[in-house]
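Novice: Quick one: this structure, given as structure tokens, is what I'll be asking you about.
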Amino acid sequence: MCAERRPTAETGDASIDSLERKIMKPLTIDEPRASDAVSGMRRVQFTQLGGPEVLEMVPLQLSALPPGHVRVEIHTIGLNRFEALFRRDHYVIAPTLPATLGVEAVGTITETAPGVDGFQAGDRVAILPIQSPTVGTGTYATHADVPIDALVHVADDRSDEEEAATWMASLQAYTLATKVPITRGDTVIVTAGTSSVGTALIQIAHDLGATVIATTRTTARKPEILALGADHAIATDDEDLAAVVSTLTSGRGAKVVYDTVGGALLAALIDATAQFGHVLCYGAQTSPDIRAARVDVPLVSLDRKSVSFVDLFELVEFPDRLAAAKTYISDARDRGALTIGIDRVLSFDDVQEAHHILESGRLAGKLLLRVT
């Protein structure tokens with residue numbers, strides 16, 4: 001997702017064009033062409049748009065490594081909701097068919113291109129989501145060729161699953177939590193608190209000293225987000241969000257709102273935002289097509305407030321900011337201040353089932369696929 005913008009009376013195709021220019025064009029998957037393919041390599045691809053049933057497992061052959069790349073044998077893959085949107089052509093950019101998927105994973109380097117420094121065969125690494133809609137040749141595979149800029153070493157005491165669950169959620173949360181500085185005494189709202197990014201935002205905002213109000217749809221799930229460190233929980237199906245926030249903040253509202261739901265909830269969130277506060281949107285779960293999502297609120301409700309759309313590329317395009325994020329995330333993890341829960345781990349061959357789960361939206365943490 002891309003660039004900051006303020007809502008206007010209409011959101012036209014020009015805004016989508018701006019987003020597309022910021023995102024890497026999709027990788028074109030050709031017919032197998034390499035002479036040095038490793039027997040047994042496979043990847044997931046789709047040759048038509050549609051539901052999870054269009055995903056198919058096919059043989060994979062990789063060309064010689066380009067400069068600055070390594071080949072990784074994939075152990076565990078992290079899945080993300082945007083990949084289900086991409087498969088249906090409901091993402092910011094359209095797939096080029098046949099298309100593959102995957103921006104994060106954990107695995108072991110099997111080969112490096114000449115001149116690569118800092119990584120060698122045998123290193124266990126995490127692949128970070130620094131490109132979209134795929135990183136390198138795509139991580140929905142048994143093997144992937146990826147640029148070294150997308151890699152971090154994995155510590156011996158970290159499991160593949162822990163590491164695969166960490167980076168997308170934590171990097172997105174860090175991007176949001178540092179866009180508008182927050183500190184002790186500030187109040188923030190986190191929507192979809194049981195999602196992987198939501199859980200990371202709750203923990204990072206709490207670690208930065210903010211008072212965190214987190215939302216979930218039902219009262220039954222409020223204990224989950226309170227256990228993550230949220231100071232207050234709101235069940236949006238059962239409670240008046242703006243009224244509860246007003247009570248909790250003595251009428252002031254929240255300094256910053258982090259929203260991935262959109263739709264009717266967004267209007268209530270704007271009402272719950274303090275004067276000179278900020279609503280930072282990073283998704284629109286209520287819209288089946290991200291390109292169709294709109295900000296539809298009375299103009300006067302935006303008085304002394306700002307609404308922006310924030311994407312991960314505001315972070316990963318700038319090496320110094322990405323380095324700071326890596327340092328903070330690793331440190332917070334080591335201090336026990338940041339843990340990304342895992343909803344479940346499925347087999348690589350169960351990728352269609354995994355995408356059905358992604359589309360259901362009923363997750364409590366990260367969804368993973370185990371390859372080896």
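Chain labels run A, B, ... following the order of the structure tokens; each chain numbers its residues from 1, and ligands are numbered from 1 in the order shown.
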Based on the backbone DSSP call, show me all residues of stretch 300-370 of chain A assigned strand (DSSP E), as an MDAnalysis selection string.

Specialist: chainID A and resid 305:309 342:347 366:370

Novice: Any idea what's packed within 10 Å of stretch 44-56 of chain A, counting only C-alpha atoms, ignoring anything in its chain fewer than 5 positions away? Could you give it as a ChimeraX atom specification?

Specialist: /A:29,84-90,94-102,138-142,348-349,351-359

Novice: To one decimal place in Å, what is the distance between atom CA of A:Asp231 and atom CA of A:Gly277?

Specialist: 19.5 Å

Novice: Rounded to one decimal place, report the atom CA of A:Leu62-atom CA of A:Thr134 distance in Å.

Specialist: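 Here the two named atoms are 15.4 Å from each other.
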
Novice: Near A:Val197, within 12 Å and counting only C-alpha atoms, which residues show up once chain neighbours fewer than 4 positions away are dropped, as a ChimeraX atom specification?

Specialist: /A:80-81,165-177,190-193,201-205,258-260,282-283,312,338-342,363-366

Novice: For the selection just defined, write its residues with N, CA, C and O atoms to a file, as a short mmCIF file (atom, residue, chain, number, x, y, z; two decimals), in the first residue's frame.

Specialist:
```cif
data_model
loop_
_atom_site.label_atom_id
_atom_site.label_comp_id
_atom_site.auth_asym_id
_atom_site.auth_seq_id
_atom_site.Cartn_x
_atom_site.Cartn_y
_atom_site.Cartn_z
N ASN A 80 -0.40 -13.51 4.24
CA ASN A 80 -0.95 -12.18 4.47
C ASN A 80 -2.24 -11.98 3.70
O ASN A 80 -2.39 -12.50 2.58
N ARG A 81 -3.15 -11.20 4.29
CA ARG A 81 -4.47 -11.02 3.69
C ARG A 81 -4.40 -10.43 2.28
O ARG A 81 -5.20 -10.78 1.41
N ALA A 165 6.44 -15.51 11.73
CA ALA A 165 5.27 -14.76 12.18
C ALA A 165 5.58 -13.30 12.47
O ALA A 165 4.66 -12.48 12.60
N THR A 166 6.86 -12.95 12.56
CA THR A 166 7.25 -11.67 13.14
C THR A 166 7.22 -10.49 12.19
O THR A 166 6.68 -9.42 12.52
N TRP A 167 7.80 -10.60 11.00
CA TRP A 167 8.30 -9.42 10.33
C TRP A 167 7.25 -8.57 9.63
O TRP A 167 7.27 -7.34 9.76
N MET A 168 6.34 -9.14 8.88
CA MET A 168 5.33 -8.30 8.22
C MET A 168 4.52 -7.53 9.26
O MET A 168 4.35 -6.31 9.17
N ALA A 169 4.00 -8.25 10.25
CA ALA A 169 3.17 -7.60 11.26
C ALA A 169 3.95 -6.54 12.02
O ALA A 169 3.46 -5.42 12.25
N SER A 170 5.17 -6.86 12.42
CA SER A 170 5.95 -5.93 13.23
C SER A 170 6.41 -4.72 12.44
O SER A 170 6.39 -3.59 12.95
N LEU A 171 6.83 -4.92 11.20
CA LEU A 171 7.26 -3.80 10.38
C LEU A 171 6.09 -2.86 10.07
O LEU A 171 6.23 -1.64 10.11
N GLN A 172 4.93 -3.43 9.74
CA GLN A 172 3.77 -2.59 9.48
C GLN A 172 3.37 -1.81 10.73
O GLN A 172 3.06 -0.62 10.68
N ALA A 173 3.38 -2.49 11.87
CA ALA A 173 3.02 -1.83 13.13
C ALA A 173 4.02 -0.74 13.48
O ALA A 173 3.64 0.36 13.92
N TYR A 174 5.30 -1.01 13.30
CA TYR A 174 6.32 0.00 13.58
C TYR A 174 6.16 1.21 12.67
O TYR A 174 6.30 2.36 13.12
N THR A 175 5.87 0.97 11.40
CA THR A 175 5.64 2.07 10.46
C THR A 175 4.54 2.99 10.96
O THR A 175 4.67 4.22 10.96
N LEU A 176 3.44 2.40 11.39
CA LEU A 176 2.30 3.17 11.88
C LEU A 176 2.63 3.88 13.20
O LEU A 176 2.33 5.07 13.38
N ALA A 177 3.23 3.14 14.13
CA ALA A 177 3.45 3.68 15.47
C ALA A 177 4.48 4.80 15.50
O ALA A 177 4.53 5.57 16.47
N VAL A 190 -6.47 1.11 18.44
CA VAL A 190 -6.04 0.07 17.51
C VAL A 190 -7.27 -0.76 17.15
O VAL A 190 -7.87 -1.38 18.03
N THR A 191 -7.65 -0.77 15.87
CA THR A 191 -8.77 -1.62 15.46
C THR A 191 -8.26 -3.01 15.08
O THR A 191 -7.07 -3.21 14.85
N ALA A 192 -9.18 -3.96 15.03
CA ALA A 192 -8.83 -5.36 14.71
C ALA A 192 -7.69 -5.84 15.59
O ALA A 192 -6.66 -6.33 15.12
N GLY A 193 -7.89 -5.68 16.89
CA GLY A 193 -6.82 -5.95 17.83
C GLY A 193 -6.34 -7.39 17.88
O GLY A 193 -5.24 -7.64 18.38
N LEU A 201 0.69 -3.78 17.02
CA LEU A 201 0.45 -2.36 17.34
C LEU A 201 0.14 -2.17 18.82
O LEU A 201 0.64 -1.21 19.44
N ILE A 202 -0.69 -3.03 19.38
CA ILE A 202 -1.00 -2.93 20.80
C ILE A 202 0.28 -2.97 21.62
O ILE A 202 0.51 -2.14 22.52
N GLN A 203 1.14 -3.92 21.31
CA GLN A 203 2.35 -4.11 22.10
C GLN A 203 3.36 -2.98 21.90
O GLN A 203 3.98 -2.51 22.85
N ILE A 204 3.52 -2.54 20.65
CA ILE A 204 4.49 -1.47 20.39
C ILE A 204 4.02 -0.15 21.00
O ILE A 204 4.80 0.57 21.64
N ALA A 205 2.74 0.18 20.82
CA ALA A 205 2.21 1.42 21.42
C ALA A 205 2.33 1.38 22.93
O ALA A 205 2.68 2.38 23.58
N TYR A 258 -5.30 3.85 14.61
CA TYR A 258 -4.74 2.95 13.60
C TYR A 258 -5.87 2.03 13.13
O TYR A 258 -6.34 1.18 13.89
N ASP A 259 -6.29 2.19 11.88
CA ASP A 259 -7.47 1.47 11.42
C ASP A 259 -7.20 0.63 10.19
O ASP A 259 -6.63 1.10 9.21
N THR A 260 -7.66 -0.62 10.24
CA THR A 260 -7.61 -1.50 9.08
C THR A 260 -8.98 -2.03 8.71
O THR A 260 -9.10 -2.93 7.88
N TYR A 282 -4.58 1.62 7.21
CA TYR A 282 -3.63 0.75 6.51
C TYR A 282 -4.32 -0.45 5.87
O TYR A 282 -3.66 -1.39 5.42
N GLY A 283 -5.63 -0.42 5.78
CA GLY A 283 -6.39 -1.49 5.15
C GLY A 283 -7.86 -1.14 5.17
O GLY A 283 -8.26 -0.08 5.65
N LEU A 312 3.53 0.06 4.09
CA LEU A 312 4.82 -0.41 4.59
C LEU A 312 5.98 0.21 3.82
O LEU A 312 7.09 0.35 4.35
N LEU A 338 7.44 -7.70 22.71
CA LEU A 338 6.78 -7.92 21.42
C LEU A 338 6.79 -9.39 21.06
O LEU A 338 7.85 -9.99 20.90
N THR A 339 5.61 -9.95 20.97
CA THR A 339 5.45 -11.35 20.55
C THR A 339 4.26 -11.43 19.61
O THR A 339 3.16 -10.98 19.96
N ILE A 340 4.47 -11.99 18.44
CA ILE A 340 3.38 -12.16 17.48
C ILE A 340 2.83 -13.57 17.61
O ILE A 340 3.55 -14.55 17.40
N GLY A 341 1.57 -13.67 17.99
CA GLY A 341 0.96 -14.97 18.16
C GLY A 341 0.75 -15.68 16.83
O GLY A 341 0.67 -15.06 15.77
N ILE A 342 0.67 -16.98 16.90
CA ILE A 342 0.46 -17.81 15.71
C ILE A 342 -0.93 -18.45 15.81
O ILE A 342 -1.22 -19.14 16.79
N LEU A 363 -9.03 -14.90 12.42
CA LEU A 363 -7.70 -15.32 12.83
C LEU A 363 -7.35 -14.67 14.15
O LEU A 363 -7.75 -13.54 14.45
N ALA A 364 -6.58 -15.38 14.93
CA ALA A 364 -6.04 -14.84 16.18
C ALA A 364 -4.53 -14.98 16.12
O ALA A 364 -3.94 -15.86 16.74
N GLY A 365 -3.91 -14.13 15.31
CA GLY A 365 -2.48 -14.23 15.11
C GLY A 365 -2.15 -14.57 13.67
O GLY A 365 -2.98 -14.50 12.77
N LYS A 366 -0.93 -15.01 13.46
CA LYS A 366 -0.39 -15.23 12.12
C LYS A 366 -0.72 -16.63 11.61
O LYS A 366 -0.68 -17.61 12.35
#
```

Novice: Nearest to A:Asp311: which of A:Thr218, A:Ser159, A:Ser246, A:Ser132 is it, counting only C-alpha atoms?

Specialist: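 Smallest distance to A:Asp311 is found for A:Ser132.
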
Novice: Please give the complete set of residues from stretch 66-210 of chain A that DSSP, run on the backbone, assigns to alpha helix (DSSP H), formatted as JSON, numbers by chain.

Specialist: {"A": [81, 82, 83, 84, 85, 86, 87, 160, 161, 162, 163, 164, 165, 166, 167, 168, 169, 170, 171, 172, 173, 174, 175, 176, 177, 178, 179, 196, 197, 198, 199, 200, 201, 202, 203, 204, 205, 206, 207]}

Novice: Selection from above, C-alpha atoms, as an mmCIF file, in the first residue's frame, can you write it?

Specialist:
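Generated file (out.cif):
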```cif
data_model
loop_
_atom_site.group_PDB
_atom_site.id
_atom_site.type_symbol
_atom_site.label_atom_id
_atom_site.label_comp_id
_atom_site.auth_asym_id
_atom_site.auth_seq_id
_atom_site.Cartn_x
_atom_site.Cartn_y
_atom_site.Cartn_z
ATOM 1 C CA ARG A 81 -4.472 -11.019 3.687
ATOM 2 C CA PHE A 82 -3.393 -8.912 0.714
ATOM 3 C CA GLU A 83 -2.317 -12.123 -1.048
ATOM 4 C CA ALA A 84 -5.931 -13.297 -1.080
ATOM 5 C CA LEU A 85 -6.929 -9.918 -2.541
ATOM 6 C CA PHE A 86 -4.164 -10.162 -5.149
ATOM 7 C CA ARG A 87 -5.372 -13.607 -6.210
ATOM 8 C CA ASP A 160 11.188 -20.992 12.183
ATOM 9 C CA GLU A 161 7.567 -20.388 13.152
ATOM 10 C CA GLU A 162 8.354 -17.557 15.582
ATOM 11 C CA GLU A 163 10.475 -15.804 12.990
ATOM 12 C CA ALA A 164 8.040 -16.288 10.089
ATOM 13 C CA ALA A 165 5.265 -14.757 12.177
ATOM 14 C CA THR A 166 7.253 -11.671 13.143
ATOM 15 C CA TRP A 167 8.298 -9.415 10.329
ATOM 16 C CA MET A 168 5.329 -8.300 8.224
ATOM 17 C CA ALA A 169 3.168 -7.602 11.263
ATOM 18 C CA SER A 170 5.947 -5.931 13.233
ATOM 19 C CA LEU A 171 7.260 -3.797 10.380
ATOM 20 C CA GLN A 172 3.767 -2.587 9.478
ATOM 21 C CA ALA A 173 3.020 -1.831 13.130
ATOM 22 C CA TYR A 174 6.318 -0.004 13.583
ATOM 23 C CA THR A 175 5.645 2.074 10.456
ATOM 24 C CA LEU A 176 2.303 3.166 11.880
ATOM 25 C CA ALA A 177 3.449 3.680 15.474
ATOM 26 C CA THR A 178 6.333 5.941 14.426
ATOM 27 C CA LYS A 179 4.595 7.977 11.726
ATOM 28 C CA SER A 196 -1.352 -10.033 13.655
ATOM 29 C CA VAL A 197 -0.716 -6.333 12.902
ATOM 30 C CA GLY A 198 -3.232 -5.350 15.563
ATOM 31 C CA THR A 199 -1.464 -7.415 18.202
ATOM 32 C CA ALA A 200 1.881 -5.896 17.196
ATOM 33 C CA LEU A 201 0.450 -2.363 17.338
ATOM 34 C CA ILE A 202 -0.996 -2.925 20.805
ATOM 35 C CA GLN A 203 2.350 -4.109 22.105
ATOM 36 C CA ILE A 204 4.493 -1.469 20.388
ATOM 37 C CA ALA A 205 2.214 1.419 21.418
ATOM 38 C CA HIS A 206 2.169 0.055 24.965
ATOM 39 C CA ASP A 207 5.975 -0.237 24.906
#
```

Novice: Compile the contact shell of A:Leu60 as a compact mmCIF listing (two decimals) with N, CA and C atoms, in the first residue's frame: residues with an atom at most 6 Å away, counting only C-alpha atoms, same-chain residues fewer than 5 positions apart removed.

Specialist:
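The new file out_35.txt reads:
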```txt
# COMPACT_ATOMS: atom_id res chain seq x y z
N MET A 41 11.71 -29.32 -6.61
CA MET A 41 11.30 -27.96 -6.26
C MET A 41 9.89 -27.69 -6.78
N ARG A 42 9.10 -26.97 -5.94
CA ARG A 42 7.72 -26.67 -6.31
C ARG A 42 7.38 -25.23 -5.92
N ARG A 43 6.37 -24.71 -6.55
CA ARG A 43 5.85 -23.40 -6.18
C ARG A 43 4.33 -23.41 -6.33
```

Novice: Env of A:Val257: 8 Å cut, atoms = only C-alpha atoms, seq-sep filter 2 positions within chain, self excluded. Answer as JSON, numbers by chain.

Specialist: {"A": [188, 189, 190, 254, 255, 259, 269, 273, 278, 279, 280]}

Novice: Hey, what's within 9 Å of A:Gly68 if we count only C-alpha atoms and toss same-chain stuff fewer than 3 positions away? As a PyMOL selection string, please?

Specialist: chain A and resi 65+112-117+146-149

Novice: Using only C-alpha atoms, which residue out of A:Ala121, A:Leu266, A:Ala332, A:Ile130 lies closest to A:Val307?

Specialist: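 Closest candidate: A:Leu266.
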